[in-house]
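Enquirer: First, the structure itself, so that you have it in front of you.
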Amino acid sequence: MSTAVPAPAPSGTAAAGPALEVRDLTVRYGRPVRFGGTAKTSPAVDGVSFDIAPGETLGLVGESGSGKSTIGKAILGLQPASAGQVLLHGSDITRASLRQRRVTAIDLRVVFQDPYSSLNPAQTIGKTLTEPLRVLRVPKDQHRPRAAEALAAVGLPADAIDRYPAQFSGGQRQRIAIARALVCDPQVIVLDEPVSSLDVSTQAQVLNLLADLRDARGLALLFIAHDLGVVRFLAQRAVVLYRGQVMESGPIEEVTQRPGHPYTIALTAAAPVPQPAEQARRRAAREALGIGTAGATPTAAGGCPFATRCPLVTDVCRTERVPLTPAVDSATSGAGWVVACHHAGQAAGMRPAAGVSGNRSLSDFLSLFLWR
Ligand SMILES: Nc1ncnc2c1ncn2[C@@H]1O[C@H](COP(=O)(O)OP(=O)(O)OP(=O)(O)O)[C@@H](O)[C@H]1O
């Protein structure tokens, strides 16, 4: 069971509740039959809770296989939840019928990682953008003006509407995918690794665009990524996942600058920094941390999932899962900062000197990647 991490009220919307809430979400894929019986698979997502306020970005971060996309799919109704709830503006949409999903699809949109496979090459951009409007039965005379408005919002020329995906670069295609999400005028967008397939300078431009759109429209963004440095650029808060469980969660400054869980510390040490000497120092520090490889055997059910890789592991970690509890420094810093570690006090001593790079401007973001 995890602790919900409340979203701070953004300025001007103090009375508004969260746009999106995920409560104790558990997702299990399939149940393989072995030797004539049923074997329960371990859940891909295990008791995850968070919420996102209007105008806020929550970063969902973790290495491959940690369950990030599964959470995104469960929110969108593409993968059934085994337990828990998803609420959109307070309404439970966890088990919404297709008909109900048609209504929530106006408010809840998605942008996927790969702008090459997510756009139909045989359709004009106009047709792609107006498709959700047709499905949502928006009056036809509004289709073209709304598509044009969405293209303008993402900085593409008006004549893009009659062109085909092949006529655009990867970054422009991702802008088109964002325009397709915006055309319904949504309040929540799930961004599943939206910049991972783009080159570095294009990544920065798309992240800047997303920040501008969020601020101008009060969008709630769930930003799924494996890289804490990228998450830091856009998110106000972060949830760190490992094997489907929340290891740490809280304000982005705390999670990236003073991580409290050994797993977050490992992710932080893996994030790039713009100074080569510091990058080399971190590489050495990372090796000295003695954190095992990503493919390590999972811990037996009931213990901390990170126990087989953790340099601080003791017997209790192998048998008892610790609930999310306020981080060691949380009395003096951001509210809602929680860590699931038996040895969080000791873990603080493993932190790299400067956390993830504090750079947030476009040029600093670019320099961050030059030293990768
Ligand atoms: N359709 C599926 N059937 C069975 N298992 C699945 C399926 N999709 C994902 N999984 C498993 O669920 C777990 C979480 O996968 P998920 O794709 O959500 O992780 P992720 O953090 O998004 O990883 P990545 O960054 O590589 O996309 C993994 O162990 C994965 O193998």
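The chains in the structure tokens are called A, B, ... from first to last as shown; in each chain the residues are counted from 1, and the ligands are counted from 1 in the order shown.
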Could you give me, as number ranges by chain, the residues within 12 Å of Pro145 (chain A), counting only C-alpha atoms and dropping anything in the same chain fewer than 2 positions from it?
Expert: A: 126, 129-130, 133, 138-143, 147-152, 158, 161, 183
Enquirer: Residues of the last selection are to be written out with C-alpha atoms, as an mmCIF file, in the first residue's frame.
Expert:
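Final file, out09.cif:
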data_model
loop_
_atom_site.group_PDB
_atom_site.id
_atom_site.type_symbol
_atom_site.label_atom_id
_atom_site.label_comp_id
_atom_site.auth_asym_id
_atom_site.auth_seq_id
_atom_site.Cartn_x
_atom_site.Cartn_y
_atom_site.Cartn_z
ATOM 1 C CA GLY A 126 -5.900 17.638 -41.292
ATOM 2 C CA LEU A 129 -6.181 16.033 -36.369
ATOM 3 C CA THR A 130 -9.921 15.996 -37.000
ATOM 4 C CA LEU A 133 -13.399 15.369 -33.332
ATOM 5 C CA VAL A 138 -18.041 17.567 -32.642
ATOM 6 C CA PRO A 139 -20.064 19.521 -35.301
ATOM 7 C CA LYS A 140 -18.326 19.287 -38.677
ATOM 8 C CA ASP A 141 -18.048 23.028 -39.267
ATOM 9 C CA GLN A 142 -15.726 23.237 -36.234
ATOM 10 C CA HIS A 143 -13.272 20.582 -37.460
ATOM 11 C CA ALA A 147 -7.323 21.707 -36.432
ATOM 12 C CA ALA A 148 -5.847 25.005 -37.679
ATOM 13 C CA GLU A 149 -5.898 26.422 -34.148
ATOM 14 C CA ALA A 150 -4.127 23.300 -32.774
ATOM 15 C CA LEU A 151 -1.439 23.523 -35.495
ATOM 16 C CA ALA A 152 -0.869 27.201 -34.681
ATOM 17 C CA ALA A 158 -1.391 26.650 -41.544
ATOM 18 C CA ILE A 161 -3.127 20.771 -42.653
ATOM 19 C CA VAL A 183 -7.581 19.588 -30.704
#
Enquirer: Please write out the residues within 12 Å of ligand 1 as JSON, numbers by chain, counting only C-alpha atoms and all ligand atoms.
Expert: {"A": [26, 27, 28, 29, 30, 31, 32, 41, 42, 43, 44, 45, 46, 60, 61, 62, 63, 64, 65, 66, 67, 68, 69, 70, 71, 72, 73, 74, 78, 79, 80, 112, 113, 114, 191, 192, 193, 194, 196, 223, 224, 225, 226, 227, 240, 241, 242, 243, 244, 245, 246, 294, 295, 298]}
Enquirer: Those selected residues, please, written with N, CA and C atoms and delivered as a compact mmCIF listing (two decimals), in the first residue's frame.
Expert:
# COMPACT_ATOMS: atom_id res chain seq x y z
N THR A 26 -3.20 -1.14 -9.02
CA THR A 26 -2.46 -2.38 -9.24
C THR A 26 -2.86 -2.94 -10.60
N VAL A 27 -1.85 -3.32 -11.38
CA VAL A 27 -2.12 -3.92 -12.70
C VAL A 27 -1.31 -5.20 -12.81
N ARG A 28 -1.99 -6.27 -13.17
CA ARG A 28 -1.36 -7.58 -13.36
C ARG A 28 -1.59 -8.01 -14.80
N TYR A 29 -0.55 -8.46 -15.47
CA TYR A 29 -0.71 -8.98 -16.82
C TYR A 29 -0.86 -10.50 -16.75
N GLY A 30 -1.92 -11.04 -17.28
CA GLY A 30 -2.06 -12.48 -17.48
C GLY A 30 -1.77 -13.34 -16.26
N ARG A 31 -2.16 -14.58 -16.34
CA ARG A 31 -1.87 -15.56 -15.29
C ARG A 31 -1.45 -16.86 -15.96
N PRO A 32 -0.15 -17.06 -16.11
CA PRO A 32 0.29 -18.24 -16.84
C PRO A 32 -0.11 -19.54 -16.13
N THR A 41 1.13 -14.05 -11.45
CA THR A 41 2.30 -13.26 -11.84
C THR A 41 2.44 -12.10 -10.86
N SER A 42 3.69 -11.60 -10.69
CA SER A 42 3.83 -10.42 -9.83
C SER A 42 3.30 -9.22 -10.61
N PRO A 43 2.68 -8.28 -9.90
CA PRO A 43 2.03 -7.19 -10.63
C PRO A 43 3.05 -6.28 -11.32
N ALA A 44 2.68 -5.79 -12.50
CA ALA A 44 3.53 -4.83 -13.22
C ALA A 44 3.45 -3.47 -12.54
N VAL A 45 2.32 -3.21 -11.88
CA VAL A 45 2.13 -1.98 -11.09
C VAL A 45 1.48 -2.41 -9.78
N ASP A 46 2.04 -1.93 -8.66
CA ASP A 46 1.65 -2.49 -7.37
C ASP A 46 1.33 -1.39 -6.35
N LEU A 60 6.84 10.79 -14.04
CA LEU A 60 6.81 9.38 -13.61
C LEU A 60 8.08 8.77 -14.16
N VAL A 61 9.01 8.43 -13.27
CA VAL A 61 10.34 8.08 -13.74
C VAL A 61 10.77 6.72 -13.19
N GLY A 62 11.58 6.03 -13.96
CA GLY A 62 12.09 4.71 -13.55
C GLY A 62 12.71 4.06 -14.77
N GLU A 63 13.56 3.04 -14.54
CA GLU A 63 14.20 2.42 -15.69
C GLU A 63 13.23 1.50 -16.42
N SER A 64 13.69 0.93 -17.52
CA SER A 64 12.82 0.11 -18.35
C SER A 64 12.19 -1.04 -17.55
N GLY A 65 10.89 -1.24 -17.75
CA GLY A 65 10.19 -2.33 -17.06
C GLY A 65 9.67 -1.96 -15.69
N SER A 66 9.81 -0.70 -15.28
CA SER A 66 9.36 -0.33 -13.93
C SER A 66 7.85 -0.12 -13.85
N GLY A 67 7.17 -0.09 -14.98
CA GLY A 67 5.70 -0.02 -14.95
C GLY A 67 5.13 1.33 -15.36
N LYS A 68 5.97 2.22 -15.88
CA LYS A 68 5.52 3.57 -16.23
C LYS A 68 4.42 3.55 -17.30
N SER A 69 4.70 2.85 -18.40
CA SER A 69 3.72 2.83 -19.50
C SER A 69 2.45 2.10 -19.09
N THR A 70 2.59 1.09 -18.24
CA THR A 70 1.41 0.35 -17.79
C THR A 70 0.48 1.28 -17.01
N ILE A 71 1.05 2.16 -16.20
CA ILE A 71 0.22 3.14 -15.46
C ILE A 71 -0.48 4.05 -16.47
N GLY A 72 0.28 4.52 -17.48
CA GLY A 72 -0.33 5.37 -18.51
C GLY A 72 -1.48 4.66 -19.20
N LYS A 73 -1.27 3.38 -19.53
CA LYS A 73 -2.32 2.62 -20.23
C LYS A 73 -3.54 2.43 -19.34
N ALA A 74 -3.31 2.16 -18.06
CA ALA A 74 -4.45 1.97 -17.15
C ALA A 74 -5.26 3.26 -17.01
N LEU A 78 -6.60 1.56 -21.57
CA LEU A 78 -6.08 0.62 -22.56
C LEU A 78 -5.63 -0.68 -21.91
N GLN A 79 -5.49 -0.67 -20.59
CA GLN A 79 -5.12 -1.88 -19.84
C GLN A 79 -5.97 -1.90 -18.57
N PRO A 80 -6.73 -2.98 -18.34
CA PRO A 80 -7.59 -2.97 -17.15
C PRO A 80 -6.80 -2.94 -15.84
N PHE A 112 2.22 9.64 -27.63
CA PHE A 112 3.12 8.50 -27.50
C PHE A 112 4.54 8.88 -27.90
N GLN A 113 5.44 7.92 -27.62
CA GLN A 113 6.86 8.17 -27.82
C GLN A 113 7.25 8.38 -29.29
N ASP A 114 6.74 7.53 -30.17
CA ASP A 114 7.28 7.48 -31.52
C ASP A 114 6.39 8.23 -32.51
N LEU A 191 1.83 11.94 -21.36
CA LEU A 191 2.94 12.02 -22.33
C LEU A 191 3.86 10.85 -22.07
N ASP A 192 3.81 9.84 -22.93
CA ASP A 192 4.61 8.62 -22.70
C ASP A 192 5.93 8.73 -23.45
N GLU A 193 6.99 9.09 -22.74
CA GLU A 193 8.33 9.29 -23.31
C GLU A 193 8.25 10.14 -24.58
N PRO A 194 7.65 11.34 -24.51
CA PRO A 194 7.36 12.09 -25.74
C PRO A 194 8.59 12.64 -26.45
N SER A 196 11.84 10.99 -26.15
CA SER A 196 12.93 10.01 -26.15
C SER A 196 13.46 9.69 -27.54
N PHE A 223 4.03 13.15 -17.17
CA PHE A 223 5.20 13.08 -18.05
C PHE A 223 6.00 11.83 -17.71
N ILE A 224 5.90 10.82 -18.58
CA ILE A 224 6.56 9.53 -18.35
C ILE A 224 7.94 9.56 -19.00
N ALA A 225 8.99 9.27 -18.24
CA ALA A 225 10.34 9.29 -18.81
C ALA A 225 11.26 8.42 -17.97
N HIS A 226 12.38 7.97 -18.57
CA HIS A 226 13.33 7.19 -17.78
C HIS A 226 14.48 8.05 -17.29
N ASP A 227 14.55 9.29 -17.76
CA ASP A 227 15.69 10.15 -17.48
C ASP A 227 15.29 11.27 -16.51
N VAL A 240 9.05 8.14 -8.35
CA VAL A 240 10.10 7.23 -8.82
C VAL A 240 9.63 5.80 -8.62
N LEU A 241 9.60 5.05 -9.73
CA LEU A 241 9.07 3.68 -9.71
C LEU A 241 10.19 2.66 -9.86
N TYR A 242 10.06 1.54 -9.16
CA TYR A 242 10.95 0.41 -9.39
C TYR A 242 10.12 -0.86 -9.28
N ARG A 243 10.16 -1.68 -10.32
CA ARG A 243 9.37 -2.91 -10.37
C ARG A 243 7.93 -2.68 -9.93
N GLY A 244 7.33 -1.64 -10.44
CA GLY A 244 5.91 -1.39 -10.22
C GLY A 244 5.56 -0.73 -8.91
N GLN A 245 6.57 -0.46 -8.06
CA GLN A 245 6.28 0.16 -6.77
C GLN A 245 6.93 1.53 -6.66
N VAL A 246 6.28 2.42 -5.89
CA VAL A 246 6.84 3.75 -5.69
C VAL A 246 7.95 3.66 -4.65
N ALA A 294 20.53 -3.67 -13.69
CA ALA A 294 19.08 -3.58 -13.86
C ALA A 294 18.44 -4.96 -13.97
N GLY A 295 19.18 -5.94 -14.49
CA GLY A 295 18.58 -7.25 -14.70
C GLY A 295 18.62 -8.16 -13.47
N PRO A 298 14.58 -10.44 -9.11
CA PRO A 298 13.68 -9.71 -8.22
C PRO A 298 13.71 -10.26 -6.80
Enquirer: Given the choices A:Leu108, A:Leu209, A:Leu221, A:Ile178, which gets closest to Gln236 (chain A) if the distance is worked out from only C-alpha atoms?
Expert: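 Closest to Gln236 (chain A), using only C-alpha atoms: A:Leu221.
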Enquirer: Could you find all residues in region 17-192 of chain A that DSSP calls alpha helix (DSSP H) from the backbone, and write them as an MDAnalysis selection string?
Expert: chainID A and resid 68:76 98:107 125:135 143:153 170:182
Enquirer: Dump N, CA and C atoms for the selected residues as a compact mmCIF listing (two decimals), in the first residue's frame?
Expert:
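What ended up in part.txt:
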# COMPACT_ATOMS: atom_id res chain seq x y z
N LYS A 68 5.97 2.22 -15.88
CA LYS A 68 5.52 3.57 -16.23
C LYS A 68 4.42 3.55 -17.30
N SER A 69 4.70 2.85 -18.40
CA SER A 69 3.72 2.83 -19.50
C SER A 69 2.45 2.10 -19.09
N THR A 70 2.59 1.09 -18.24
CA THR A 70 1.41 0.35 -17.79
C THR A 70 0.48 1.28 -17.01
N ILE A 71 1.05 2.16 -16.20
CA ILE A 71 0.22 3.14 -15.46
C ILE A 71 -0.48 4.05 -16.47
N GLY A 72 0.28 4.52 -17.48
CA GLY A 72 -0.33 5.37 -18.51
C GLY A 72 -1.48 4.66 -19.20
N LYS A 73 -1.27 3.38 -19.53
CA LYS A 73 -2.32 2.62 -20.23
C LYS A 73 -3.54 2.43 -19.34
N ALA A 74 -3.31 2.16 -18.06
CA ALA A 74 -4.45 1.97 -17.15
C ALA A 74 -5.26 3.26 -17.01
N ILE A 75 -4.57 4.40 -16.98
CA ILE A 75 -5.28 5.69 -16.89
C ILE A 75 -6.14 5.89 -18.13
N LEU A 76 -5.59 5.51 -19.28
CA LEU A 76 -6.31 5.73 -20.55
C LEU A 76 -7.34 4.65 -20.84
N LEU A 98 -17.07 1.82 -22.81
CA LEU A 98 -16.59 2.51 -24.02
C LEU A 98 -17.33 3.82 -24.23
N ARG A 99 -18.62 3.78 -23.93
CA ARG A 99 -19.46 4.97 -24.09
C ARG A 99 -19.00 6.09 -23.14
N GLN A 100 -18.69 5.70 -21.88
CA GLN A 100 -18.20 6.71 -20.93
C GLN A 100 -16.82 7.22 -21.34
N ARG A 101 -16.00 6.31 -21.87
CA ARG A 101 -14.65 6.69 -22.30
C ARG A 101 -14.72 7.71 -23.42
N ARG A 102 -15.75 7.61 -24.26
CA ARG A 102 -15.93 8.56 -25.35
C ARG A 102 -16.06 9.98 -24.78
N VAL A 103 -16.71 10.08 -23.64
CA VAL A 103 -16.88 11.39 -23.01
C VAL A 103 -15.56 11.83 -22.35
N THR A 104 -14.93 10.90 -21.61
CA THR A 104 -13.70 11.31 -20.91
C THR A 104 -12.57 11.57 -21.90
N ALA A 105 -12.67 10.99 -23.12
CA ALA A 105 -11.61 11.18 -24.12
C ALA A 105 -11.47 12.64 -24.52
N ILE A 106 -12.47 13.46 -24.26
CA ILE A 106 -12.36 14.89 -24.56
C ILE A 106 -11.34 15.51 -23.60
N ASP A 107 -11.41 15.11 -22.34
CA ASP A 107 -10.57 15.71 -21.30
C ASP A 107 -9.22 15.05 -21.15
N ILE A 125 -2.51 15.59 -42.51
CA ILE A 125 -2.45 16.04 -41.12
C ILE A 125 -3.85 16.51 -40.69
N GLY A 126 -4.54 17.16 -41.61
CA GLY A 126 -5.90 17.64 -41.29
C GLY A 126 -6.81 16.48 -40.89
N LYS A 127 -6.73 15.38 -41.66
CA LYS A 127 -7.58 14.23 -41.35
C LYS A 127 -7.20 13.62 -40.00
N THR A 128 -5.88 13.53 -39.76
CA THR A 128 -5.40 12.98 -38.47
C THR A 128 -5.89 13.83 -37.31
N LEU A 129 -5.81 15.16 -37.48
CA LEU A 129 -6.18 16.03 -36.37
C LEU A 129 -7.69 16.05 -36.12
N THR A 130 -8.47 15.90 -37.19
CA THR A 130 -9.92 16.00 -37.00
C THR A 130 -10.56 14.65 -36.64
N GLU A 131 -9.79 13.57 -36.74
CA GLU A 131 -10.34 12.25 -36.42
C GLU A 131 -10.95 12.19 -35.01
N PRO A 132 -10.22 12.65 -33.97
CA PRO A 132 -10.85 12.61 -32.64
C PRO A 132 -12.13 13.44 -32.58
N LEU A 133 -12.19 14.52 -33.35
CA LEU A 133 -13.40 15.37 -33.33
C LEU A 133 -14.58 14.62 -33.95
N ARG A 134 -14.27 13.83 -35.01
CA ARG A 134 -15.34 13.03 -35.63
C ARG A 134 -15.84 11.99 -34.63
N VAL A 135 -14.89 11.29 -34.00
CA VAL A 135 -15.27 10.24 -33.04
C VAL A 135 -16.08 10.85 -31.89
N HIS A 143 -14.46 21.44 -37.34
CA HIS A 143 -13.27 20.58 -37.46
C HIS A 143 -12.05 21.33 -37.97
N ARG A 144 -12.19 21.94 -39.17
CA ARG A 144 -11.02 22.57 -39.78
C ARG A 144 -10.50 23.77 -38.96
N PRO A 145 -11.38 24.64 -38.46
CA PRO A 145 -10.86 25.74 -37.62
C PRO A 145 -10.13 25.23 -36.38
N ARG A 146 -10.65 24.15 -35.77
CA ARG A 146 -10.00 23.66 -34.55
C ARG A 146 -8.66 22.99 -34.87
N ALA A 147 -8.60 22.31 -36.02
CA ALA A 147 -7.32 21.71 -36.43
C ALA A 147 -6.31 22.81 -36.71
N ALA A 148 -6.75 23.88 -37.36
CA ALA A 148 -5.85 25.00 -37.68
C ALA A 148 -5.36 25.66 -36.39
N GLU A 149 -6.27 25.80 -35.43
CA GLU A 149 -5.90 26.42 -34.15
C GLU A 149 -4.86 25.55 -33.41
N ALA A 150 -5.06 24.22 -33.45
CA ALA A 150 -4.13 23.30 -32.77
C ALA A 150 -2.75 23.35 -33.44
N LEU A 151 -2.73 23.43 -34.79
CA LEU A 151 -1.44 23.52 -35.49
C LEU A 151 -0.72 24.82 -35.13
N ALA A 152 -1.48 25.91 -35.06
CA ALA A 152 -0.87 27.20 -34.68
C ALA A 152 -0.32 27.12 -33.26
N ALA A 153 -1.05 26.44 -32.37
CA ALA A 153 -0.62 26.35 -30.97
C ALA A 153 0.72 25.62 -30.82
N GLY A 170 11.05 14.55 -37.51
CA GLY A 170 10.60 13.88 -36.28
C GLY A 170 10.02 14.86 -35.26
N GLY A 171 10.72 15.99 -35.07
CA GLY A 171 10.24 16.99 -34.11
C GLY A 171 8.91 17.58 -34.53
N GLN A 172 8.77 17.85 -35.85
CA GLN A 172 7.50 18.40 -36.35
C GLN A 172 6.38 17.37 -36.19
N ARG A 173 6.71 16.11 -36.43
CA ARG A 173 5.68 15.06 -36.25
C ARG A 173 5.23 14.99 -34.80
N GLN A 174 6.19 15.15 -33.88
CA GLN A 174 5.77 15.10 -32.47
C GLN A 174 4.90 16.33 -32.14
N ARG A 175 5.18 17.46 -32.78
CA ARG A 175 4.30 18.63 -32.61
C ARG A 175 2.90 18.31 -33.15
N ILE A 176 2.85 17.58 -34.26
CA ILE A 176 1.54 17.21 -34.82
C ILE A 176 0.81 16.28 -33.83
N ALA A 177 1.56 15.35 -33.24
CA ALA A 177 0.95 14.44 -32.24
C ALA A 177 0.42 15.24 -31.05
N ILE A 178 1.16 16.28 -30.66
CA ILE A 178 0.69 17.14 -29.56
C ILE A 178 -0.55 17.92 -30.01
N ALA A 179 -0.54 18.39 -31.26
CA ALA A 179 -1.72 19.12 -31.79
C ALA A 179 -2.94 18.20 -31.79
N ARG A 180 -2.73 16.93 -32.13
CA ARG A 180 -3.85 15.98 -32.14
C ARG A 180 -4.43 15.83 -30.72
N ALA A 181 -3.55 15.88 -29.72
CA ALA A 181 -4.04 15.82 -28.34
C ALA A 181 -4.78 17.10 -27.98
N LEU A 182 -4.27 18.23 -28.46
CA LEU A 182 -4.85 19.53 -28.07
C LEU A 182 -6.18 19.83 -28.73
Enquirer: Rank nothing, just name the residue among A:Val111, A:Val313, A:Ala160, A:Val239 nearest to Asp51 (chain A), using only C-alpha atoms.
Expert: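 The closest residue to Asp51 (chain A) is A:Val239.
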